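Listing of run10.cif; format and content: mmCIF, C-alpha atoms.
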data_entry
#
loop_
_atom_site.label_atom_id
_atom_site.label_comp_id
_atom_site.auth_asym_id
_atom_site.auth_seq_id
_atom_site.Cartn_x
_atom_site.Cartn_y
_atom_site.Cartn_z
CA MET L 147 61.17 93.40 5.25
CA CYS L 148 61.97 94.85 1.83
CA VAL L 149 61.29 98.51 1.11
CA ILE L 150 59.64 99.17 -2.26
CA SER L 151 60.91 102.30 -4.00
CA GLU L 152 58.90 104.64 -6.19
CA GLU L 153 61.30 103.82 -9.02
CA SER L 154 60.41 100.13 -8.78
CA ILE L 155 56.70 100.93 -8.93
CA ALA L 156 57.24 103.17 -11.97
CA GLN L 157 59.24 100.44 -13.74
CA PHE L 158 56.55 97.89 -12.97
CA GLU L 159 53.85 100.22 -14.30
CA ALA L 160 55.78 100.81 -17.52
CA LEU L 161 56.12 97.07 -18.09
CA MET L 162 52.40 96.52 -17.52
CA GLU L 163 51.52 99.10 -20.16
CA GLN L 164 53.01 96.71 -22.72
CA VAL L 165 50.84 93.66 -21.95
CA ASP L 166 48.14 92.43 -24.35
CA GLU L 167 44.59 93.77 -24.15
CA PRO L 168 43.00 90.60 -22.64
CA LEU L 169 45.45 90.83 -19.74
CA LYS L 170 44.72 94.55 -19.29
CA THR L 171 41.00 93.76 -19.14
CA THR L 172 41.28 91.13 -16.42
CA PHE L 173 43.79 93.35 -14.60
CA GLN L 174 40.93 95.78 -13.97
CA ASN L 175 39.17 93.17 -11.84
CA VAL L 176 42.41 92.63 -9.95
CA HIS L 177 43.31 96.22 -9.13
CA GLN L 178 39.77 97.63 -8.77
CA GLY L 179 41.04 101.10 -9.63
CA CYS L 180 44.08 100.90 -7.31
CA THR L 181 46.98 99.85 -9.54
CA ARG L 182 49.63 101.12 -7.14
CA ASP L 183 48.38 98.85 -4.36
CA THR L 184 48.51 95.86 -6.71
CA TYR L 185 52.04 96.65 -7.86
CA LEU L 186 53.10 96.90 -4.22
CA ARG L 187 51.55 93.54 -3.32
CA PHE L 188 53.28 91.68 -6.14
CA LEU L 189 56.59 93.46 -5.52
CA ILE L 190 56.50 92.53 -1.83
CA ALA L 191 55.69 88.93 -2.79
CA ARG L 192 58.85 88.89 -4.93
CA GLU L 193 61.08 90.71 -2.45
CA GLY L 194 61.14 93.93 -4.51
CA ASN L 195 62.46 92.34 -7.72
CA VAL L 196 60.62 94.14 -10.54
CA ALA L 197 61.25 91.50 -13.22
CA ASN L 198 60.08 88.67 -10.97
CA ALA L 199 57.03 90.62 -9.78
CA HIS L 200 56.12 91.47 -13.39
CA LYS L 201 56.38 87.80 -14.41
CA MET L 202 54.28 86.78 -11.41
CA LEU L 203 51.52 89.25 -12.27
CA VAL L 204 51.52 88.41 -15.99
CA ASP L 205 51.37 84.69 -15.17
CA SER L 206 48.47 85.37 -12.81
CA LEU L 207 46.57 87.43 -15.40
CA THR L 208 47.18 84.73 -18.01
CA TRP L 209 45.79 82.15 -15.58
CA ARG L 210 42.73 84.34 -15.05
CA VAL L 211 42.06 84.68 -18.78
CA LYS L 212 42.61 80.99 -19.52
CA ASN L 213 40.31 79.88 -16.68
CA GLU L 214 37.71 82.65 -17.13
CA ILE L 215 38.14 83.84 -13.55
CA ASP L 216 36.43 87.13 -14.43
CA ASP L 217 33.21 85.13 -14.97
CA ILE L 218 33.48 82.83 -11.95
CA LEU L 219 31.07 84.97 -9.91
CA SER L 220 28.38 84.17 -12.46
CA LYS L 221 28.72 80.41 -12.06
CA PRO L 222 26.72 79.31 -9.00
CA ILE L 223 27.22 75.89 -7.48
CA ILE L 224 23.85 74.20 -7.87
CA PRO L 225 21.58 72.74 -6.67
CA THR L 226 21.41 74.66 -3.39
CA GLU L 227 21.60 71.40 -1.42
CA LEU L 228 25.03 70.73 -2.91
CA TYR L 229 26.23 74.23 -2.09
CA ARG L 230 24.93 73.87 1.48
CA SER L 231 26.88 70.63 1.88
CA ILE L 232 30.02 72.42 0.67
CA ARG L 233 29.47 75.20 3.19
CA ASP L 234 29.04 72.57 5.92
CA SER L 235 32.31 70.85 5.02
CA GLN L 236 34.47 73.81 3.90
CA LEU L 237 34.13 76.02 6.97
CA ILE L 238 34.67 79.62 5.88
CA GLY L 239 32.76 82.72 6.89
CA MET L 240 32.89 86.46 7.42
CA PRO L 241 31.54 87.49 10.85
CA GLY L 242 32.29 91.21 10.52
CA TYR L 243 35.00 93.88 10.43
CA THR L 244 37.86 95.01 12.63
CA LYS L 245 37.73 98.42 14.31
CA GLU L 246 39.93 99.65 11.44
CA GLY L 247 37.44 98.37 8.85
CA LEU L 248 39.26 95.25 7.67
CA PRO L 249 36.97 92.33 6.76
CA ILE L 250 37.40 89.37 9.11
CA PHE L 251 37.39 85.90 7.59
CA ALA L 252 37.01 82.86 9.84
CA PHE L 253 38.22 79.37 8.92
CA GLY L 254 37.34 76.12 10.65
CA ALA L 255 40.69 74.51 9.89
CA GLY L 256 40.25 71.69 12.37
CA LEU L 257 36.71 70.62 11.48
CA SER L 258 36.57 71.16 7.72
CA THR L 259 36.21 67.73 6.14
CA TYR L 260 36.08 68.54 2.40
CA ASP L 261 34.27 65.27 1.84
CA LYS L 262 30.90 66.26 0.35
CA ALA L 263 31.99 67.14 -3.19
CA SER L 264 34.91 66.94 -5.60
CA VAL L 265 38.12 68.93 -5.28
CA HIS L 266 36.96 71.10 -8.20
CA TYR L 267 33.87 72.31 -6.31
CA TYR L 268 35.91 73.27 -3.25
CA VAL L 269 38.48 75.10 -5.39
CA GLN L 270 35.66 76.89 -7.24
CA SER L 271 34.06 77.93 -3.95
CA HIS L 272 37.37 79.17 -2.57
CA ILE L 273 38.11 81.30 -5.65
CA GLN L 274 34.57 82.69 -5.62
CA ILE L 275 35.01 83.87 -2.04
CA ASN L 276 38.37 85.43 -2.97
CA GLU L 277 36.84 87.24 -5.94
CA TYR L 278 33.78 88.35 -3.98
CA ARG L 279 36.08 89.70 -1.28
CA ASP L 280 38.17 91.65 -3.80
CA ARG L 281 35.39 92.90 -6.08
CA VAL L 282 32.54 93.46 -3.61
CA VAL L 283 33.52 93.29 0.07
CA LEU L 284 36.72 95.36 -0.01
CA PRO L 285 35.31 98.17 -2.23
CA ALA L 286 32.22 98.32 0.02
CA ALA L 287 34.44 98.47 3.13
CA SER L 288 36.49 101.28 1.57
CA LYS L 289 33.32 103.25 0.94
CA LYS L 290 31.89 102.53 4.39
CA TYR L 291 35.01 103.52 6.31
CA GLY L 292 36.05 106.37 4.01
CA LYS L 293 39.53 105.04 3.21
CA HIS L 294 41.18 102.56 0.88
CA ILE L 295 40.92 99.02 2.27
CA SER L 296 42.52 96.26 0.22
CA LYS L 297 43.35 93.58 2.77
CA SER L 298 41.60 91.36 5.28
CA LEU L 299 42.31 89.50 8.51
CA LYS L 300 41.93 85.76 9.11
CA VAL L 301 41.05 83.83 12.26
CA LEU L 302 41.80 80.11 12.05
CA ASP L 303 39.97 77.79 14.45
CA MET L 304 41.93 74.62 15.19
CA THR L 305 39.14 72.99 17.20
CA GLY L 306 38.96 69.29 16.38
CA LEU L 307 42.31 69.14 14.56
CA LYS L 308 43.42 65.52 14.23
CA LEU L 309 45.90 63.45 12.25
CA SER L 310 43.06 62.75 9.82
CA ALA L 311 43.59 66.34 8.61
CA LEU L 312 46.33 64.81 6.45
CA ASN L 313 43.51 63.54 4.24
CA GLN L 314 43.09 67.07 2.92
CA ILE L 315 46.77 67.76 2.23
CA LYS L 316 46.42 67.76 -1.56
CA LEU L 317 43.43 70.10 -1.59
CA LEU L 318 45.02 72.46 0.94
CA THR L 319 48.19 72.53 -1.17
CA ILE L 320 46.14 73.44 -4.27
CA ILE L 321 44.35 76.26 -2.44
CA SER L 322 47.62 77.58 -0.97
CA THR L 323 49.24 77.60 -4.42
CA ILE L 324 46.33 79.50 -5.97
CA ASP L 325 46.39 82.09 -3.17
CA ASP L 326 50.17 82.55 -3.17
CA LEU L 327 50.44 83.01 -6.93
CA ASN L 328 47.27 85.00 -7.64
CA TYR L 329 46.19 86.75 -4.43
CA PRO L 330 49.47 87.69 -2.71
CA GLU L 331 49.62 89.93 0.34
CA LYS L 332 45.84 90.13 0.79
CA VAL L 333 45.96 89.23 4.49
CA VAL L 334 47.49 91.47 7.18
CA ALA L 335 47.39 88.90 10.00
CA TYR L 336 46.50 85.30 10.81
CA TYR L 337 45.19 84.59 14.30
CA ILE L 338 45.17 80.94 15.34
CA VAL L 339 42.81 79.97 18.17
CA ASN L 340 41.75 76.77 19.97
CA ALA L 341 45.05 75.12 19.00
CA PRO L 342 45.45 71.57 20.37
CA TYR L 343 48.79 70.19 21.49
CA ILE L 344 49.45 68.48 18.16
CA PHE L 345 49.39 71.83 16.34
CA SER L 346 51.47 73.63 18.96
CA ALA L 347 54.12 70.90 18.83
CA CYS L 348 54.35 70.99 15.03
CA TRP L 349 54.18 74.81 14.85
CA LYS L 350 57.46 75.10 16.77
CA VAL L 351 59.18 73.21 13.95
CA VAL L 352 57.39 74.86 11.03
CA LYS L 353 57.53 78.50 12.20
CA PRO L 354 61.29 79.02 11.58
CA LEU L 355 60.87 77.81 7.98
CA LEU L 356 58.54 80.69 7.05
CA GLN L 357 59.76 83.94 5.55
CA GLU L 358 60.05 86.71 8.11
CA ARG L 359 57.23 88.79 6.60
CA THR L 360 54.89 85.78 6.83
CA ARG L 361 56.06 84.72 10.26
CA LYS L 362 55.28 88.17 11.64
CA LYS L 363 51.69 87.88 10.43
CA VAL L 364 50.93 84.67 12.35
CA GLN L 365 49.90 84.80 16.00
CA VAL L 366 48.90 81.72 18.01
CA LEU L 367 46.54 82.98 20.70
CA SER L 368 45.79 81.38 24.03
CA GLY L 369 42.57 79.36 24.15
CA ARG L 370 39.74 80.79 22.10
CA GLY L 371 41.57 84.14 21.84
CA GLN L 372 38.60 86.28 22.83
CA ASP L 373 40.51 88.80 24.98
CA ASP L 374 43.18 89.38 22.33
CA LEU L 375 40.74 89.62 19.45
CA LEU L 376 38.49 92.09 21.27
CA LYS L 377 41.40 94.56 21.18
CA ILE L 378 41.01 94.81 17.39
CA MET L 379 37.31 94.01 16.83
CA ASP L 380 33.97 94.50 18.56
CA TYR L 381 32.16 91.58 20.17
CA SER L 382 29.57 91.61 17.37
CA SER L 383 32.33 90.78 14.86
CA LEU L 384 33.92 88.07 16.99
CA PRO L 385 33.69 84.64 15.27
CA HIS L 386 31.19 82.36 17.02
CA PHE L 387 33.88 79.84 17.99
CA CYS L 388 35.69 82.52 20.01
CA ARG L 389 32.66 83.55 22.06
CA ARG L 390 32.17 80.65 24.45
CA GLU L 391 34.39 78.24 26.27
CA GLY L 392 34.31 74.91 24.49
CA SER L 393 32.15 76.15 21.61
CA GLY L 394 34.00 74.70 18.66
CA SER L 395 33.12 75.22 15.01
CA SER L 396 30.60 72.40 14.79
CA LYS L 397 29.58 72.29 18.45
CA TYR L 398 28.19 75.79 18.58
CA SER L 399 24.52 75.71 19.54
CA GLY L 400 23.59 79.26 18.53
CA SER L 401 21.42 80.19 15.56
CA SER L 402 22.61 79.85 11.97
CA ASN L 403 22.73 83.64 11.76
CA GLU L 404 25.45 83.62 14.43
CA ASN L 405 27.38 80.71 12.91
CA CYS L 406 29.35 82.46 10.18
CA TYR L 407 30.05 79.17 8.38
CA SER L 408 26.37 78.46 7.74
CA LEU L 409 24.77 79.10 4.36
CA ASP L 410 22.03 80.87 6.34
CA HIS L 411 24.49 83.46 7.68
CA PRO L 412 23.99 86.91 6.06
CA PHE L 413 27.44 86.87 4.41
CA HIS L 414 26.84 83.57 2.63
CA GLN L 415 23.29 84.52 1.72
CA GLN L 416 24.54 87.73 0.12
CA LEU L 417 27.39 85.92 -1.65
CA TYR L 418 25.18 83.17 -3.06
CA ASP L 419 22.46 85.62 -4.10
CA TYR L 420 25.07 87.78 -5.83
CA ILE L 421 26.43 84.84 -7.83
CA LYS L 422 22.94 83.73 -8.87
CA GLN L 423 22.04 87.28 -9.92
CA GLN L 424 25.22 87.58 -11.98
CA ALA L 425 24.38 84.28 -13.66
CA LEU L 426 20.97 85.64 -14.70
CA LEU L 427 22.50 88.86 -16.01
CA ARG L 428 25.02 87.01 -18.14
CA ARG L 429 22.74 84.18 -19.24
CA PRO L 430 19.14 85.47 -19.02
CA VAL L 431 17.77 82.87 -21.45
CA ARG L 432 19.83 79.73 -21.06
CA PRO L 433 19.45 77.77 -17.80
CA VAL L 434 22.42 77.70 -15.46
CA LYS L 435 24.44 74.53 -15.99
CA GLN L 436 25.18 72.14 -13.18
CA GLY L 437 28.73 70.91 -12.67
CA SER L 438 31.90 72.32 -11.16
CA VAL L 439 34.29 74.78 -12.75
CA HIS L 440 37.63 73.14 -13.54
CA VAL L 441 40.50 75.52 -12.88
CA ASP L 442 44.08 74.84 -13.91
CA ILE L 443 46.35 74.47 -10.90
CA PRO L 444 49.74 76.15 -11.35
CA ASP L 445 52.57 73.68 -10.93
CA ALA L 446 54.80 75.63 -8.60
CA VAL L 447 56.30 75.37 -5.15
CA THR L 448 55.33 78.40 -3.08
CA GLU L 449 55.79 79.37 0.53
CA GLY L 450 52.21 78.30 1.21
CA THR L 451 52.64 74.86 -0.31
CA GLU L 452 55.91 74.32 1.55
CA PHE L 453 54.18 75.34 4.79
CA VAL L 454 51.28 72.92 4.25
CA GLN L 455 53.56 70.04 3.23
CA THR L 456 56.03 70.64 6.06
CA LEU L 457 53.21 70.84 8.59
CA ALA L 458 51.82 67.57 7.21
CA SER L 459 55.24 65.97 7.52
CA GLU L 460 55.48 67.05 11.15
CA PHE L 461 51.97 65.70 11.76
CA GLN L 462 53.14 62.34 10.43
CA LYS L 463 56.20 62.32 12.66
CA PHE L 464 54.03 63.20 15.65
CA GLY L 465 51.65 60.38 14.79
CA LYS L 466 54.42 57.80 14.45
CA GLN L 467 55.94 58.85 17.75
CA ASN L 468 52.55 58.30 19.36
CA GLY L 469 51.71 55.08 17.54
CA LEU L 470 49.25 56.74 15.14
CA SER L 471 51.02 56.13 11.85
CA GLN L 472 49.23 57.11 8.64
CA SER L 473 50.65 56.99 5.13
CA LEU L 474 50.29 59.92 2.76
CA ASP L 475 50.19 57.39 -0.10
CA ASP L 476 46.78 56.22 1.08
CA LEU L 477 45.18 59.66 1.23
CA ASN L 478 42.01 60.37 -0.72
CA THR L 479 40.97 63.84 -1.91
CA ASN L 480 37.83 62.83 -3.81
CA ASP L 481 39.51 63.26 -7.22
CA HIS L 482 37.19 60.59 -8.62
CA GLN L 483 34.09 62.77 -8.28
CA ALA L 484 32.74 64.99 -11.04
#
Represent the supplied structure as structure tokens.
Amino acid sequence: MCVISEESIAQFEALMEQVDEPLKTTFQNVHQGCTRDTYLRFLIAREGNVANAHKMLVDSLTWRVKNEIDDILSKPIIPTELYRSIRDSQLIGMPGYTKEGLPIFAFGAGLSTYDKASVHYYVQSHIQINEYRDRVVLPAASKKYGKHISKSLKVLDMTGLKLSALNQIKLLTIISTIDDLNYPEKVVAYYIVNAPYIFSACWKVVKPLLQERTRKKVQVLSGRGQDDLLKIMDYSSLPHFCRREGSGSSKYSGSSNENCYSLDHPFHQQLYDYIKQQALLRRPVRPVKQGSVHVDIPDAVTEGTEFVQTLASEFQKFGKQNGLSQSLDDLNTNDHQA
């Protein structure tokens, strides 16, 4: 793992003082008063190369300005029924915090279908959660725990993972590209639970292809991972799919307040209320427009996109070996929808 020197940080800071005012303005939403932490994240993402890290950050800030990312938390997905359907098909939630105060984000990787709206809505929702995490959740966690907290932890539930997951390869590649280029080094660890054989078989091939710093972050836990996760979080913060044997993301029979994916869960209620309130503050007279936000997708090959595409390739090989062939050429990511 590369060691970032104080000289590199100082050089980076000097370069950033020369950027145009619109980029400086959006940079404030990125660093949230902690410029050093941001410089470190981008330097680590570019293996300590100051010039490359500077270009990466400037490109990201330019993307933010062009796509009005600073305003995305004032653009609710409406009507509520549509947003609920997105929450039911893009399984993301925040069940709590680790013992160290890091926000925990849960992902239903195996049971997310992404089939209730267009790609643009899912990308909008993903970016909104990223921005809400960075602008609201992390600052609140820092205040609550009395220390600077700028990263989170992710638990990925592979319950229900099938070859049909290849249907979402394009969308997952888009999301990975956005995260890699604009939100680097925001996650300290990825814990994978409820992994079926198909994932375990493909993971053995994909794992060596990852950079060492990424590979060290990923841990595939046994079963639902409850015992391992309870070492770093309390039971109250444990994702619902880790609490019971056989209680997968969509099979869980508990209340919607316990299911962190549900729109009725406190995290999603607070997020959605926040976005609607911001919309009223920015547009108190004009009604909120329906329709998704269209965000430009950077055309770049990142570690995340290579991981997703390589994993998909291994899925295909596994399927062919087991007589379950499926062509990527026939995949549909709902691009035809508004």
I want to know what sits within 12 Å of L:Asp205, based on all atoms listed in the file, with residues of the same chain fewer than 4 positions away left out; could you give that as a compact mmCIF listing (two decimals) with C-alpha atoms, in the frame of the given file?
# COMPACT_ATOMS: atom_id res chain seq x y z
CA VAL L 165 50.84 93.66 -21.95
CA LEU L 169 45.45 90.83 -19.74
CA PHE L 173 43.79 93.35 -14.60
CA PHE L 188 53.28 91.68 -6.14
CA ASN L 198 60.08 88.67 -10.97
CA ALA L 199 57.03 90.62 -9.78
CA HIS L 200 56.12 91.47 -13.39
CA LYS L 201 56.38 87.80 -14.41
CA TRP L 209 45.79 82.15 -15.58
CA ARG L 210 42.73 84.34 -15.05
CA VAL L 211 42.06 84.68 -18.78
CA LYS L 212 42.61 80.99 -19.52
CA ILE L 324 46.33 79.50 -5.97
CA LEU L 327 50.44 83.01 -6.93
CA ASN L 328 47.27 85.00 -7.64
CA PRO L 444 49.74 76.15 -11.35
CA ASP L 445 52.57 73.68 -10.93
CA ALA L 446 54.80 75.63 -8.60
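When all atoms listed in the file are used to compute distances to L:Gln274, the closest of the residues L:Val439, L:Ile155, L:Met162, L:Tyr381 turns out to be L:Val439.
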Check your understanding: Once the PyMOL selection byres ((chain L and resi 369) around 7) has been applied to the shown file, what residues remain in the selection, as a list of chain:residue names?
Key ->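 Output from the PyMOL selection byres ((chain L and resi 369) around 7), applied to this file: L:Val339, L:Asn340, L:Leu367, L:Ser368, L:Arg370, L:Gly371.
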Practice item. Would you kindly return, as a PyMOL selection string, each protein, DNA or RNA residue with an atom no farther than 12 Å from any atom of stretch 243-248 of chain L, considering all atoms listed in the file and excluding same-chain residues fewer than 2 positions away? Key: chain L and resi 239-241+250-252+279+283-301+332-335+375-385+413
Practice item. List the residues matched by the PyMOL selection byres ((chain L and resi 325) around 12) in the displayed structure as an MDAnalysis selection string, ordered by chain and then by residue number. Key: chainID L and resid 191 206 269 272:273 275:277 318:324 326:333 443:444 446 448:451
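Take the candidates L:Cys348, L:Ala156, L:Ala425, L:Leu302 and check each one against L:Gln365 using only C-alpha atoms; the shortest distance goes to L:Leu302.
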Check your understanding: Quick one: which residues end up in the PyMOL selection byres ((chain L and resi 222-231) around 8) for this structure, as a list of chain:residue names?
Key -> L:Leu219, L:Ser220, L:Lys221, L:Ile232, L:Arg233, L:Asp234, L:Ser235, L:Lys262, L:Ala263, L:Tyr267, L:Ser271, L:Ser408, L:Leu409, L:Tyr418, L:Ile421, L:Lys422, L:Ala425, L:Val434, L:Gln436, L:Gly437, L:Ser438
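Atom CA of L:Gly306 is positioned 10.7 Å from atom CA of L:Phe345.
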Review point. Which residue out of L:Arg281, L:Lys463, L:Lys170, L:His440 has the minimum interatomic distance to L:Val265 when only C-alpha atoms are used?
Key: L:His440
Check your understanding: So how many Å separate atom CA of L:Phe387 and atom CA of L:Leu457, to one decimal?
Key ->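 We find that atom CA of L:Phe387 and atom CA of L:Leu457 lie 23.3 Å from each other.
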Exercise for review: Take atom CA of L:Lys316 and atom CA of L:Val454 and report the distance between them in Å, one decimal.
Suggested key: 9.2 Å
Check your understanding: With only C-alpha atoms as the atoms that count, which of L:Ser346, L:Asn195, L:Val364, L:Tyr278 lies nearest to L:Asp419?
Key ->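 Among L:Ser346, L:Asn195, L:Val364, L:Tyr278, it is L:Tyr278 that comes nearest to L:Asp419.
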Practice item. Select all residues near (59.9, 71.6, 5.8) (cut-off 10 Å, inclusive, file coordinates), counting all atoms listed in the file, and output them as a PyMOL selection string. Key: chain L and resi 351-356+452-460
Check your understanding: Out of L:Gln164, L:Arg182, L:Asp373, L:Gln270, which residue has the shortest atom-to-atom distance to L:Glu214 when counting all atoms listed in the file?
Key -> L:Gln270
Exercise for review: Measuring atom to atom with all atoms listed in the file, identify which of L:Arg389, L:Arg187, L:Lys308, L:His411 is nearest to L:Thr259.
Suggested key: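 Between L:Arg389, L:Arg187, L:Lys308, L:His411, the residue approaching L:Thr259 most closely is L:Lys308.
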